[in-house]
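J.: So I've got this file, input01.pdb, and it contains PDB, N, CA and C atoms:
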ATOM      1  N   MET A   1       0.842  -1.170   0.000  1.00  0.00           N
ATOM      2  CA  MET A   1       0.000   0.000   0.000  1.00  0.00           C
ATOM      3  C   MET A   1       0.894   1.242   0.000  1.00  0.00           C
ATOM      4  N   LYS A   2       0.675   2.129  -0.940  1.00  0.00           N
ATOM      5  CA  LYS A   2       1.492   3.339  -1.056  1.00  0.00           C
ATOM      6  C   LYS A   2       0.801   4.522  -0.390  1.00  0.00           C
ATOM      7  N   ARG A   3       1.606   5.405   0.169  1.00  0.00           N
ATOM      8  CA  ARG A   3       1.127   6.667   0.713  1.00  0.00           C
ATOM      9  C   ARG A   3       2.191   7.723   0.449  1.00  0.00           C
ATOM     10  N   ALA A   4       1.747   8.950   0.312  1.00  0.00           N
ATOM     11  CA  ALA A   4       2.682  10.071   0.143  1.00  0.00           C
ATOM     12  C   ALA A   4       3.194  10.497   1.512  1.00  0.00           C
ATOM     13  N   ILE A   5       4.369  11.066   1.515  1.00  0.00           N
ATOM     14  CA  ILE A   5       4.936  11.626   2.745  1.00  0.00           C
ATOM     15  C   ILE A   5       5.687  12.897   2.370  1.00  0.00           C
ATOM     16  N   ILE A   6       5.575  13.925   3.209  1.00  0.00           N
ATOM     17  CA  ILE A   6       6.300  15.179   2.985  1.00  0.00           C
ATOM     18  C   ILE A   6       7.669  15.062   3.642  1.00  0.00           C
ATOM     19  N   LYS A   7       8.715  15.293   2.860  1.00  0.00           N
ATOM     20  CA  LYS A   7      10.079  15.240   3.390  1.00  0.00           C
ATOM     21  C   LYS A   7      10.415  16.611   3.981  1.00  0.00           C
ATOM     22  N   PRO A   8      10.507  16.720   5.304  1.00  0.00           N
ATOM     23  CA  PRO A   8      10.714  18.020   5.935  1.00  0.00           C
ATOM     24  C   PRO A   8      12.013  18.714   5.529  1.00  0.00           C
ATOM     25  N   ASP A   9      13.039  17.933   5.189  1.00  0.00           N
ATOM     26  CA  ASP A   9      14.309  18.544   4.796  1.00  0.00           C
ATOM     27  C   ASP A   9      14.240  19.179   3.410  1.00  0.00           C
ATOM     28  N   SER A  10      13.279  18.778   2.592  1.00  0.00           N
ATOM     29  CA  SER A  10      13.130  19.330   1.240  1.00  0.00           C
ATOM     30  C   SER A  10      12.016  20.367   1.139  1.00  0.00           C
ATOM     31  N   CYS A  11      11.062  20.322   2.059  1.00  0.00           N
ATOM     32  CA  CYS A  11       9.916  21.233   2.021  1.00  0.00           C
ATOM     33  C   CYS A  11      10.362  22.662   2.339  1.00  0.00           C
ATOM     34  N   LYS A  12       9.996  23.584   1.458  1.00  0.00           N
ATOM     35  CA  LYS A  12      10.360  25.000   1.644  1.00  0.00           C
ATOM     36  C   LYS A  12       9.215  25.801   2.253  1.00  0.00           C
ATOM     37  N   ASN A  13       8.123  25.103   2.618  1.00  0.00           N
ATOM     38  CA  ASN A  13       6.960  25.743   3.233  1.00  0.00           C
ATOM     39  C   ASN A  13       6.453  26.907   2.376  1.00  0.00           C
ATOM     40  N   CYS A  14       6.217  26.626   1.112  1.00  0.00           N
ATOM     41  CA  CYS A  14       5.749  27.651   0.170  1.00  0.00           C
ATOM     42  C   CYS A  14       4.452  28.295   0.661  1.00  0.00           C
ATOM     43  N   GLU A  15       4.318  29.573   0.395  1.00  0.00           N
ATOM     44  CA  GLU A  15       3.106  30.289   0.807  1.00  0.00           C
ATOM     45  C   GLU A  15       1.860  29.611   0.246  1.00  0.00           C
ATOM     46  N   THR A  16       1.907  29.267  -1.030  1.00  0.00           N
ATOM     47  CA  THR A  16       0.837  28.485  -1.650  1.00  0.00           C
ATOM     48  C   THR A  16       1.416  27.118  -1.979  1.00  0.00           C
ATOM     49  N   CYS A  17       1.058  26.145  -1.186  1.00  0.00           N
ATOM     50  CA  CYS A  17       1.540  24.781  -1.381  1.00  0.00           C
ATOM     51  C   CYS A  17       0.661  24.105  -2.435  1.00  0.00           C
ATOM     52  N   LEU A  18       1.233  23.837  -3.605  1.00  0.00           N
ATOM     53  CA  LEU A  18       0.467  23.216  -4.685  1.00  0.00           C
ATOM     54  C   LEU A  18       0.011  21.807  -4.333  1.00  0.00           C
ATOM     55  N   VAL A  19       0.780  21.117  -3.528  1.00  0.00           N
ATOM     56  CA  VAL A  19       0.386  19.778  -3.097  1.00  0.00           C
ATOM     57  C   VAL A  19      -0.895  19.861  -2.262  1.00  0.00           C
ATOM     58  N   GLU A  20      -0.930  20.821  -1.358  1.00  0.00           N
ATOM     59  CA  GLU A  20      -2.119  21.018  -0.511  1.00  0.00           C
ATOM     60  C   GLU A  20      -3.323  21.443  -1.355  1.00  0.00           C
ATOM     61  N   VAL A  21      -3.115  22.354  -2.277  1.00  0.00           N
ATOM     62  CA  VAL A  21      -4.198  22.897  -3.093  1.00  0.00           C
ATOM     63  C   VAL A  21      -4.764  21.860  -4.063  1.00  0.00           C
ATOM     64  N   LYS A  22      -3.890  21.040  -4.658  1.00  0.00           N
ATOM     65  CA  LYS A  22      -4.318  20.141  -5.725  1.00  0.00           C
ATOM     66  C   LYS A  22      -4.717  18.737  -5.275  1.00  0.00           C
ATOM     67  N   CYS A  23      -4.495  18.382  -4.035  1.00  0.00           N
ATOM     68  CA  CYS A  23      -4.846  17.038  -3.573  1.00  0.00           C
ATOM     69  C   CYS A  23      -6.367  16.867  -3.582  1.00  0.00           C
ATOM     70  N   VAL A  24      -6.847  15.955  -4.417  1.00  0.00           N
ATOM     71  CA  VAL A  24      -8.298  15.746  -4.556  1.00  0.00           C
ATOM     72  C   VAL A  24      -8.902  15.074  -3.330  1.00  0.00           C
ATOM     73  N   ASN A  25      -8.082  14.414  -2.527  1.00  0.00           N
ATOM     74  CA  ASN A  25      -8.567  13.752  -1.319  1.00  0.00           C
ATOM     75  C   ASN A  25      -8.445  14.619  -0.073  1.00  0.00           C
ATOM     76  N   LEU A  26      -7.939  15.842  -0.253  1.00  0.00           N
ATOM     77  CA  LEU A  26      -7.734  16.770   0.867  1.00  0.00           C
ATOM     78  C   LEU A  26      -6.893  16.129   1.976  1.00  0.00           C
ATOM     79  N   ALA A  27      -5.888  15.380   1.559  1.00  0.00           N
ATOM     80  CA  ALA A  27      -5.056  14.648   2.503  1.00  0.00           C
ATOM     81  C   ALA A  27      -3.868  15.452   3.021  1.00  0.00           C
ATOM     82  N   ILE A  28      -3.616  16.615   2.441  1.00  0.00           N
ATOM     83  CA  ILE A  28      -2.492  17.441   2.881  1.00  0.00           C
ATOM     84  C   ILE A  28      -3.020  18.491   3.844  1.00  0.00           C
ATOM     85  N   ILE A  29      -2.471  18.497   5.041  1.00  0.00           N
ATOM     86  CA  ILE A  29      -2.948  19.358   6.121  1.00  0.00           C
ATOM     87  C   ILE A  29      -1.863  20.356   6.486  1.00  0.00           C
ATOM     88  N   ARG A  30      -2.288  21.590   6.711  1.00  0.00           N
ATOM     89  CA  ARG A  30      -1.381  22.603   7.257  1.00  0.00           C
ATOM     90  C   ARG A  30      -2.173  23.368   8.299  1.00  0.00           C
ATOM     91  N   GLU A  31      -1.740  23.279   9.536  1.00  0.00           N
ATOM     92  CA  GLU A  31      -2.457  23.884  10.662  1.00  0.00           C
ATOM     93  C   GLU A  31      -2.493  25.408  10.554  1.00  0.00           C
ATOM     94  N   SER A  32      -1.373  25.993  10.141  1.00  0.00           N
ATOM     95  CA  SER A  32      -1.296  27.444   9.956  1.00  0.00           C
ATOM     96  C   SER A  32      -0.282  27.728   8.851  1.00  0.00           C
ATOM     97  N   SER A  33      -0.210  28.969   8.416  1.00  0.00           N
ATOM     98  CA  SER A  33       0.705  29.319   7.321  1.00  0.00           C
ATOM     99  C   SER A  33       2.176  29.166   7.724  1.00  0.00           C
ATOM    100  N   GLU A  34       2.468  29.175   9.022  1.00  0.00           N
ATOM    101  CA  GLU A  34       3.844  29.005   9.488  1.00  0.00           C
ATOM    102  C   GLU A  34       4.253  27.530   9.555  1.00  0.00           C
ATOM    103  N   ASP A  35       3.271  26.633   9.604  1.00  0.00           N
ATOM    104  CA  ASP A  35       3.554  25.208   9.729  1.00  0.00           C
ATOM    105  C   ASP A  35       3.779  24.559   8.372  1.00  0.00           C
ATOM    106  N   ARG A  36       4.645  23.582   8.346  1.00  0.00           N
ATOM    107  CA  ARG A  36       4.855  22.804   7.132  1.00  0.00           C
ATOM    108  C   ARG A  36       3.673  21.843   6.959  1.00  0.00           C
ATOM    109  N   PRO A  37       3.344  21.533   5.711  1.00  0.00           N
ATOM    110  CA  PRO A  37       2.238  20.598   5.477  1.00  0.00           C
ATOM    111  C   PRO A  37       2.626  19.169   5.866  1.00  0.00           C
ATOM    112  N   TRP A  38       1.617  18.372   6.139  1.00  0.00           N
ATOM    113  CA  TRP A  38       1.824  16.958   6.434  1.00  0.00           C
ATOM    114  C   TRP A  38       0.693  16.148   5.809  1.00  0.00           C
ATOM    115  N   VAL A  39       0.886  14.863   5.684  1.00  0.00           N
ATOM    116  CA  VAL A  39      -0.075  13.991   5.009  1.00  0.00           C
ATOM    117  C   VAL A  39      -0.931  13.261   6.049  1.00  0.00           C
ATOM    118  N   ASP A  40      -2.238  13.384   5.890  1.00  0.00           N
ATOM    119  CA  ASP A  40      -3.176  12.630   6.714  1.00  0.00           C
ATOM    120  C   ASP A  40      -3.328  11.253   6.068  1.00  0.00           C
ATOM    121  N   PHE A  41      -2.748  10.222   6.687  1.00  0.00           N
ATOM    122  CA  PHE A  41      -2.751   8.885   6.101  1.00  0.00           C
ATOM    123  C   PHE A  41      -4.150   8.280   6.007  1.00  0.00           C
ATOM    124  N   TYR A  42      -5.094   8.789   6.778  1.00  0.00           N
ATOM    125  CA  TYR A  42      -6.467   8.293   6.688  1.00  0.00           C
ATOM    126  C   TYR A  42      -7.160   8.798   5.420  1.00  0.00           C
ATOM    127  N   LYS A  43      -6.723   9.940   4.912  1.00  0.00           N
ATOM    128  CA  LYS A  43      -7.326  10.510   3.710  1.00  0.00           C
ATOM    129  C   LYS A  43      -6.543  10.189   2.443  1.00  0.00           C
ATOM    130  N   CYS A  44      -5.242  10.002   2.561  1.00  0.00           N
ATOM    131  CA  CYS A  44      -4.398   9.712   1.403  1.00  0.00           C
ATOM    132  C   CYS A  44      -4.765   8.350   0.830  1.00  0.00           C
ATOM    133  N   ARG A  45      -5.003   8.304  -0.478  1.00  0.00           N
ATOM    134  CA  ARG A  45      -5.388   7.064  -1.152  1.00  0.00           C
ATOM    135  C   ARG A  45      -4.255   6.467  -1.975  1.00  0.00           C
ATOM    136  N   GLY A  46      -3.087   7.097  -1.924  1.00  0.00           N
ATOM    137  CA  GLY A  46      -1.919   6.544  -2.595  1.00  0.00           C
ATOM    138  C   GLY A  46      -1.881   6.752  -4.097  1.00  0.00           C
ATOM    139  N   CYS A  47      -2.611   7.730  -4.617  1.00  0.00           N
ATOM    140  CA  CYS A  47      -2.604   7.971  -6.071  1.00  0.00           C
ATOM    141  C   CYS A  47      -1.263   8.536  -6.538  1.00  0.00           C
ATOM    142  N   MET A  48      -0.543   9.172  -5.651  1.00  0.00           N
ATOM    143  CA  MET A  48       0.789   9.719  -5.869  1.00  0.00           C
ATOM    144  C   MET A  48       0.854  10.822  -6.923  1.00  0.00           C
ATOM    145  N   LYS A  49      -0.269  11.436  -7.242  1.00  0.00           N
ATOM    146  CA  LYS A  49      -0.270  12.577  -8.162  1.00  0.00           C
ATOM    147  C   LYS A  49       0.514  13.741  -7.574  1.00  0.00           C
ATOM    148  N   CYS A  50       0.557  13.812  -6.261  1.00  0.00           N
ATOM    149  CA  CYS A  50       1.243  14.903  -5.572  1.00  0.00           C
ATOM    150  C   CYS A  50       2.738  14.943  -5.869  1.00  0.00           C
ATOM    151  N   LEU A  51       3.317  13.823  -6.272  1.00  0.00           N
ATOM    152  CA  LEU A  51       4.748  13.807  -6.608  1.00  0.00           C
ATOM    153  C   LEU A  51       5.080  14.827  -7.689  1.00  0.00           C
ATOM    154  N   SER A  52       4.151  15.035  -8.606  1.00  0.00           N
ATOM    155  CA  SER A  52       4.407  15.978  -9.699  1.00  0.00           C
ATOM    156  C   SER A  52       4.016  17.411  -9.350  1.00  0.00           C
ATOM    157  N   TYR A  53       3.316  17.621  -8.257  1.00  0.00           N
ATOM    158  CA  TYR A  53       2.856  18.968  -7.885  1.00  0.00           C
ATOM    159  C   TYR A  53       3.928  19.803  -7.187  1.00  0.00           C
ATOM    160  N   CYS A  54       4.804  19.176  -6.432  1.00  0.00           N
ATOM    161  CA  CYS A  54       5.777  19.919  -5.624  1.00  0.00           C
ATOM    162  C   CYS A  54       7.007  20.277  -6.439  1.00  0.00           C
ATOM    163  N   GLN A  55       7.265  21.568  -6.562  1.00  0.00           N
ATOM    164  CA  GLN A  55       8.423  22.044  -7.324  1.00  0.00           C
ATOM    165  C   GLN A  55       9.742  21.818  -6.584  1.00  0.00           C
ATOM    166  N   ASN A  56       9.674  21.519  -5.285  1.00  0.00           N
ATOM    167  CA  ASN A  56      10.877  21.289  -4.484  1.00  0.00           C
ATOM    168  C   ASN A  56      11.173  19.809  -4.270  1.00  0.00           C
ATOM    169  N   ASN A  57      10.408  18.947  -4.915  1.00  0.00           N
ATOM    170  CA  ASN A  57      10.561  17.500  -4.749  1.00  0.00           C
ATOM    171  C   ASN A  57      10.502  17.069  -3.285  1.00  0.00           C
ATOM    172  N   ALA A  58       9.594  17.685  -2.541  1.00  0.00           N
ATOM    173  CA  ALA A  58       9.482  17.411  -1.111  1.00  0.00           C
ATOM    174  C   ALA A  58       8.489  16.295  -0.798  1.00  0.00           C
ATOM    175  N   VAL A  59       7.908  15.702  -1.824  1.00  0.00           N
ATOM    176  CA  VAL A  59       6.963  14.616  -1.598  1.00  0.00           C
ATOM    177  C   VAL A  59       7.644  13.302  -1.930  1.00  0.00           C
ATOM    178  N   GLY A  60       7.580  12.387  -0.987  1.00  0.00           N
ATOM    179  CA  GLY A  60       8.147  11.065  -1.196  1.00  0.00           C
ATOM    180  C   GLY A  60       7.061  10.010  -1.142  1.00  0.00           C
ATOM    181  N   GLU A  61       7.457   8.783  -1.327  1.00  0.00           N
ATOM    182  CA  GLU A  61       6.524   7.661  -1.347  1.00  0.00           C
ATOM    183  C   GLU A  61       6.879   6.699  -0.225  1.00  0.00           C
ATOM    184  N   MET A  62       5.887   6.332   0.568  1.00  0.00           N
ATOM    185  CA  MET A  62       6.064   5.367   1.636  1.00  0.00           C
ATOM    186  C   MET A  62       5.277   4.123   1.251  1.00  0.00           C
ATOM    187  N   ILE A  63       5.901   2.986   1.321  1.00  0.00           N
ATOM    188  CA  ILE A  63       5.224   1.736   0.972  1.00  0.00           C
ATOM    189  C   ILE A  63       5.100   0.883   2.226  1.00  0.00           C
ATOM    190  N   HIS A  64       3.879   0.486   2.524  1.00  0.00           N
ATOM    191  CA  HIS A  64       3.588  -0.348   3.671  1.00  0.00           C
ATOM    192  C   HIS A  64       3.080  -1.677   3.136  1.00  0.00           C
ATOM    193  N   PRO A  65       3.760  -2.765   3.419  1.00  0.00           N
ATOM    194  CA  PRO A  65       3.333  -4.048   2.846  1.00  0.00           C
ATOM    195  C   PRO A  65       1.985  -4.500   3.385  1.00  0.00           C
ATOM    196  N   CYS A  66       1.190  -5.057   2.515  1.00  0.00           N
ATOM    197  CA  CYS A  66      -0.102  -5.642   2.902  1.00  0.00           C
ATOM    198  C   CYS A  66       0.096  -7.144   3.027  1.00  0.00           C
ATOM    199  N   ASN A  67       0.672  -7.553   4.130  1.00  0.00           N
ATOM    200  CA  ASN A  67       1.001  -8.972   4.292  1.00  0.00           C
ATOM    201  C   ASN A  67       0.017  -9.719   5.199  1.00  0.00           C
ATOM    202  N   GLY A  68      -1.065  -9.066   5.542  1.00  0.00           N
ATOM    203  CA  GLY A  68      -2.093  -9.731   6.332  1.00  0.00           C
ATOM    204  C   GLY A  68      -1.884  -9.726   7.826  1.00  0.00           C
ATOM    205  N   THR A  69      -0.738  -9.199   8.278  1.00  0.00           N
ATOM    206  CA  THR A  69      -0.507  -9.154   9.715  1.00  0.00           C
ATOM    207  C   THR A  69      -1.045  -7.852  10.273  1.00  0.00           C
ATOM    208  N   PRO A  70      -1.753  -7.911  11.384  1.00  0.00           N
ATOM    209  CA  PRO A  70      -2.298  -6.679  11.965  1.00  0.00           C
ATOM    210  C   PRO A  70      -1.184  -5.807  12.530  1.00  0.00           C
ATOM    211  N   SER A  71      -1.379  -4.517  12.446  1.00  0.00           N
ATOM    212  CA  SER A  71      -0.418  -3.587  13.017  1.00  0.00           C
ATOM    213  C   SER A  71      -1.158  -2.382  13.578  1.00  0.00           C
ATOM    214  N   GLN A  72      -0.557  -1.754  14.546  1.00  0.00           N
ATOM    215  CA  GLN A  72      -1.127  -0.577  15.184  1.00  0.00           C
ATOM    216  C   GLN A  72      -1.005   0.608  14.239  1.00  0.00           C
ATOM    217  N   GLY A  73      -2.077   1.342  14.021  1.00  0.00           N
ATOM    218  CA  GLY A  73      -2.027   2.520  13.161  1.00  0.00           C
ATOM    219  C   GLY A  73      -1.818   2.131  11.720  1.00  0.00           C
ATOM    220  N   TRP A  74      -1.178   2.974  10.953  1.00  0.00           N
ATOM    221  CA  TRP A  74      -0.914   2.683   9.550  1.00  0.00           C
ATOM    222  C   TRP A  74       0.452   2.152   9.440  1.00  0.00           C
TER
END
Would you write out, as structure tokens, the structure that this file holds?

T.:
Amino acid sequence: MKRAIIKPDSCKNCETCLVEVKCVNLAIIRESSEDRPWVDFYKCRGCMKCLSYCQNNAVGEMIHPCNGTPSQGW
């Protein structure tokens, strides 16, 4: 199962975050304009379209195996 993740070392905290604006699942959250965006894993569907939205390449891909074993959280 794929999910997007914001890489804090690459994120420039743009005033208008295209990843936040263009995410159709509204999975990118920013509490205030001073805070860096983060991905809500409950809303992210793993389409990975956001990889092409960020001009700073601050979006990465996290892969969580679906091996049938239960785990806490995502």

J.: When you draw a straight line from CA of Lys49 in chain A to CA of Ala4 in chain A, how long is it in Å?

T.: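 Between CA of Lys49 in chain A and CA of Ala4 in chain A the gap is 9.2 Å.
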
J.: Enumerate, as a PyMOL selection string, the residues matched when the PyMOL selection byres ((chain A and resi 29) around 6.5) is run on the file above.

T.: chain A and resi 20+26-28+30-31+36-40

J.: With a distance cut-off of 7 Å and only N, CA and C atoms, select the neighbouring residues of Val19 in chain A, excluding the residue or stretch itself and same-chain residues fewer than 4 positions from it, and output the selection as number ranges by chain.

T.: A: 23, 28, 50, 53-54

J.: What are the DSSP strand (DSSP E or B) residues of chain A, as a VMD selection string?

T.: chain A and resid 2 to 6 28 to 29 38 to 39 59 to 63

J.: Could those selected residues go to a file with N, CA and C atoms, as an mmCIF file, keeping the file's coordinate frame?

T.:
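The result, stored in part-v3.cif:
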data_model
loop_
_atom_site.group_PDB
_atom_site.id
_atom_site.type_symbol
_atom_site.label_atom_id
_atom_site.label_comp_id
_atom_site.auth_asym_id
_atom_site.auth_seq_id
_atom_site.Cartn_x
_atom_site.Cartn_y
_atom_site.Cartn_z
ATOM 1 N N LYS A 2 0.675 2.129 -0.940
ATOM 2 C CA LYS A 2 1.492 3.339 -1.056
ATOM 3 C C LYS A 2 0.801 4.522 -0.390
ATOM 4 N N ARG A 3 1.606 5.405 0.169
ATOM 5 C CA ARG A 3 1.127 6.667 0.713
ATOM 6 C C ARG A 3 2.191 7.723 0.449
ATOM 7 N N ALA A 4 1.747 8.950 0.312
ATOM 8 C CA ALA A 4 2.682 10.071 0.143
ATOM 9 C C ALA A 4 3.194 10.497 1.512
ATOM 10 N N ILE A 5 4.369 11.066 1.515
ATOM 11 C CA ILE A 5 4.936 11.626 2.745
ATOM 12 C C ILE A 5 5.687 12.897 2.370
ATOM 13 N N ILE A 6 5.575 13.925 3.209
ATOM 14 C CA ILE A 6 6.300 15.179 2.985
ATOM 15 C C ILE A 6 7.669 15.062 3.642
ATOM 16 N N ILE A 28 -3.616 16.615 2.441
ATOM 17 C CA ILE A 28 -2.492 17.441 2.881
ATOM 18 C C ILE A 28 -3.020 18.491 3.844
ATOM 19 N N ILE A 29 -2.471 18.497 5.041
ATOM 20 C CA ILE A 29 -2.948 19.358 6.121
ATOM 21 C C ILE A 29 -1.863 20.356 6.486
ATOM 22 N N TRP A 38 1.617 18.372 6.139
ATOM 23 C CA TRP A 38 1.824 16.958 6.434
ATOM 24 C C TRP A 38 0.693 16.148 5.809
ATOM 25 N N VAL A 39 0.886 14.863 5.684
ATOM 26 C CA VAL A 39 -0.075 13.991 5.009
ATOM 27 C C VAL A 39 -0.931 13.261 6.049
ATOM 28 N N VAL A 59 7.908 15.702 -1.824
ATOM 29 C CA VAL A 59 6.963 14.616 -1.598
ATOM 30 C C VAL A 59 7.644 13.302 -1.930
ATOM 31 N N GLY A 60 7.580 12.387 -0.987
ATOM 32 C CA GLY A 60 8.147 11.065 -1.196
ATOM 33 C C GLY A 60 7.061 10.010 -1.142
ATOM 34 N N GLU A 61 7.457 8.783 -1.327
ATOM 35 C CA GLU A 61 6.524 7.661 -1.347
ATOM 36 C C GLU A 61 6.879 6.699 -0.225
ATOM 37 N N MET A 62 5.887 6.332 0.568
ATOM 38 C CA MET A 62 6.064 5.367 1.636
ATOM 39 C C MET A 62 5.277 4.123 1.251
ATOM 40 N N ILE A 63 5.901 2.986 1.321
ATOM 41 C CA ILE A 63 5.224 1.736 0.972
ATOM 42 C C ILE A 63 5.100 0.883 2.226
#

J.: Could you check how far CA of Ser33 in chain A sits from CA of Lys2 in chain A, in Å to one decimal?

T.: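 About the pair CA of Ser33 in chain A and CA of Lys2 in chain A: they are 27.3 Å apart.
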
J.: List the residues selected by the PyMOL selection byres ((chain A and resi 56) around 7) in the file shown, writing them as a ChimeraX atom specification.

T.: /A:10-12,53-55,57-59

J.: Between atom N of Glu34 in chain A and atom N of Cys17 in chain A, what is the distance in Å, rounded to a tenth?

T.: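 Distance reported for this atom pair: 10.7 Å.
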
J.: Around all of range 19-29 of chain A's listed atoms, make the axis-aligned box with 6 Å on each side and tell me centre and edge lengths in Å to one decimal, as JSON.

T.:
{"center_x": -4.1, "center_y": 18.3, "center_z": 0.4, "size_x": 21.7, "size_y": 21.1, "size_z": 24.2}

J.: Looking at only N, CA and C atoms, which of A:Arg45, A:Glu61, A:Asp35, A:Ser52 is the one that sits closest to Asn13 in chain A?

T.: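 Between A:Arg45, A:Glu61, A:Asp35, A:Ser52, the residue approaching Asn13 in chain A most closely is A:Asp35.
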
J.: Quick one: of A:Ile63, A:Cys44, A:Val24, A:Leu51, who's nearest to Lys7 in chain A, counting only C-alpha atoms?

T.: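 Of A:Ile63, A:Cys44, A:Val24, A:Leu51, the one nearest Lys7 in chain A, counting only C-alpha atoms, is A:Leu51.
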